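Down below is the structure, laid out as structure tokens.
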Amino acid sequence: FYGWGGCGAEPIWTIDEGNDYPRLYWENKPGEIIKPISLSDFLLGSGMQDDPYLIHTAEESNLVTLAVCDWDEHFKLMANIDLTGFSYDGPLIAPNTSLEDGDSQRIPFTGVFDGNGHIISHLFIEGGSYLGLFGGLASGAEVRDLGVVEIDINGSGFYCGGLAGCNFNGIVANCYSSGRVRGNGQVGGLVGHNDGSIITCSSAALVIARDEYVGGLVGRNLDSIM
């Protein structure tokens with residue numbers, strides 16, 4: 001139940017391990033509080049700019065999915081990651097992302113992800129909306145020097161991209177994608193919806209959309225592509 005602890009000071013869930021399923025804290029059932037996950041317990045690094053979390057394996061990349069409280073930190077990819085054998089029903093990072101301001105239940109990525117010239121391959125997602133390696137990038141987010149290749153992303157909704165479903169005031173630089181991306185609308189080979197900056201990027205992905213706004217690089221662009 002990693003990731004059930006939330007990010008605030010108030011406890012949310014408890015569990016009596018081996019005897020009961022998780023209970024909401026206010027139920028006052030026997031058990032221990034499920035604490036927020038901290039990547040510093042699992043990965044090298046502290047998440048700071050000069051000491052980013054280091055990702056070496058697919059298993060370590062999956063831990064980032066659970067660490068909601070660390071989505072504003074710095075990450076660095078240390079090797080090529082092959083996700084063959086894994087399947088997802090949402091993005092690896094920031095799966096609950098919305099363009100709607102003030103929605104506290106939807107958390108985008110606001111940190112820095114340095115691909116360090118490496119690739120993530122064979123990402124397979126079968127889901128709804130906001131699909132990609134990142135569900136959404138918000139103000140302050142930066143993804144750079146990363147390739148996502150031989151991907152297969154199948155969305156039944158909107159905002160689907162190889163790298164990010166939506167880039168909302170973030171920066172994507174020196175990134176590229178290949179494979180296949182499908183969705184209803186706002187579907188792009190790299191980014192589904194761009195309201196931020198995309199710099200020196202490319203895509204060779206096959207892109208299929210059932211509705212409006214579809215593009216080889218970006219499905220819908222409202223800001224800057226350079």
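Here, A, B, ... name the chains of the structure tokens in the order displayed, residue numbers run from 1 inside each chain, and ligands are numbered from 1 in the same displayed order.
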
May I have the residues within 10 Å of Val149 in chain A as an mmCIF file with N, CA, C and O atoms, in the first residue's frame, using only C-alpha atoms and disregarding those fewer than 3 positions away in the same chain?
data_model
loop_
_atom_site.group_PDB
_atom_site.id
_atom_site.type_symbol
_atom_site.label_atom_id
_atom_site.label_comp_id
_atom_site.auth_asym_id
_atom_site.auth_seq_id
_atom_site.Cartn_x
_atom_site.Cartn_y
_atom_site.Cartn_z
ATOM 1 N N ASP A 82 14.268 -0.727 -19.904
ATOM 2 C CA ASP A 82 13.396 -1.536 -20.755
ATOM 3 C C ASP A 82 12.209 -1.999 -19.919
ATOM 4 O O ASP A 82 12.367 -2.732 -18.943
ATOM 5 N N ILE A 119 17.348 6.196 -22.763
ATOM 6 C CA ILE A 119 16.010 5.933 -23.309
ATOM 7 C C ILE A 119 15.205 5.072 -22.338
ATOM 8 O O ILE A 119 15.752 4.314 -21.544
ATOM 9 N N ILE A 120 13.897 5.223 -22.434
ATOM 10 C CA ILE A 120 12.945 4.316 -21.789
ATOM 11 C C ILE A 120 12.178 3.639 -22.919
ATOM 12 O O ILE A 120 11.569 4.323 -23.751
ATOM 13 N N SER A 121 12.231 2.318 -22.986
ATOM 14 C CA SER A 121 11.633 1.605 -24.120
ATOM 15 C C SER A 121 10.498 0.694 -23.673
ATOM 16 O O SER A 121 10.406 0.290 -22.517
ATOM 17 N N HIS A 122 9.629 0.365 -24.647
ATOM 18 C CA HIS A 122 8.549 -0.604 -24.494
ATOM 19 C C HIS A 122 7.572 -0.234 -23.375
ATOM 20 O O HIS A 122 7.095 -1.089 -22.632
ATOM 21 N N LEU A 123 7.273 1.057 -23.270
ATOM 22 C CA LEU A 123 6.226 1.497 -22.348
ATOM 23 C C LEU A 123 4.871 1.129 -22.945
ATOM 24 O O LEU A 123 4.533 1.569 -24.051
ATOM 25 N N LEU A 146 15.869 12.965 -23.039
ATOM 26 C CA LEU A 146 15.234 11.659 -22.825
ATOM 27 C C LEU A 146 14.564 11.168 -24.100
ATOM 28 O O LEU A 146 13.893 11.928 -24.802
ATOM 29 N N ASP A 152 3.768 1.876 -26.789
ATOM 30 C CA ASP A 152 2.438 1.498 -27.257
ATOM 31 C C ASP A 152 1.435 2.049 -26.248
ATOM 32 O O ASP A 152 1.243 1.485 -25.172
ATOM 33 N N GLY A 162 3.406 10.367 -26.244
ATOM 34 C CA GLY A 162 4.447 9.412 -25.914
ATOM 35 C C GLY A 162 5.202 9.780 -24.654
ATOM 36 O O GLY A 162 5.471 8.941 -23.796
ATOM 37 N N LEU A 163 5.525 11.071 -24.512
ATOM 38 C CA LEU A 163 6.237 11.542 -23.326
ATOM 39 C C LEU A 163 5.268 12.055 -22.262
ATOM 40 O O LEU A 163 5.390 11.714 -21.090
ATOM 41 N N TYR A 176 12.646 12.812 -27.539
ATOM 42 C CA TYR A 176 12.097 12.234 -28.765
ATOM 43 C C TYR A 176 11.321 10.967 -28.431
ATOM 44 O O TYR A 176 11.435 10.406 -27.334
ATOM 45 N N SER A 177 10.503 10.534 -29.384
ATOM 46 C CA SER A 177 9.683 9.343 -29.156
ATOM 47 C C SER A 177 9.524 8.553 -30.445
ATOM 48 O O SER A 177 9.672 9.085 -31.548
ATOM 49 N N SER A 178 9.201 7.265 -30.285
ATOM 50 C CA SER A 178 8.849 6.412 -31.413
ATOM 51 C C SER A 178 7.911 5.322 -30.907
ATOM 52 O O SER A 178 7.857 5.044 -29.711
ATOM 53 N N GLY A 179 7.160 4.734 -31.815
ATOM 54 C CA GLY A 179 6.206 3.693 -31.445
ATOM 55 C C GLY A 179 4.815 4.066 -31.920
ATOM 56 O O GLY A 179 4.645 4.511 -33.065
ATOM 57 N N ARG A 180 3.811 3.939 -31.037
ATOM 58 C CA ARG A 180 2.426 4.217 -31.428
ATOM 59 C C ARG A 180 1.674 4.843 -30.267
ATOM 60 O O ARG A 180 1.796 4.413 -29.118
ATOM 61 N N SER A 203 9.589 13.381 -33.010
ATOM 62 C CA SER A 203 8.858 12.127 -32.822
ATOM 63 C C SER A 203 8.731 11.401 -34.150
ATOM 64 O O SER A 203 8.494 12.018 -35.194
ATOM 65 N N ALA A 204 8.890 10.075 -34.097
ATOM 66 C CA ALA A 204 8.659 9.222 -35.260
ATOM 67 C C ALA A 204 7.510 8.261 -34.973
ATOM 68 O O ALA A 204 7.375 7.236 -35.629
ATOM 69 N N ALA A 205 6.677 8.587 -33.976
ATOM 70 C CA ALA A 205 5.590 7.695 -33.575
ATOM 71 C C ALA A 205 4.419 7.758 -34.544
ATOM 72 O O ALA A 205 4.130 8.802 -35.131
#

Item to complete: Run DSSP on the backbone of this structure and report the residues of range 6-220 of chain A it assigns to alpha helix (DSSP H), as a list of chain:residue names.
Response: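 Alpha helix (DSSP H) assignments inside range 6-220 of chain A correspond to A:Ala58, A:Glu59, A:Glu60, A:Ser61, A:Asn62, A:Leu63, A:Val64, A:Thr65, A:Leu66.
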
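Restricting the calculation to only C-alpha atoms, the smallest distance between Ile33 in chain A and any of A:Phe168, A:Trp13, A:Tyr159, A:Phe124 is found for A:Trp13.
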
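Of the residues under consideration (A:Leu39, A:Val172, A:Leu133, A:Ile198), A:Val172 shows the shortest atom-to-atom contact distance to Val112 in chain A when counting only C-alpha atoms.
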
Discussion item. For a quick check of understanding, using only C-alpha atoms, which of A:Asn167, A:Asn174, A:Cys201, A:Gly140 has the smallest distance to Arg220 in chain A?
Written reply: A:Asn167
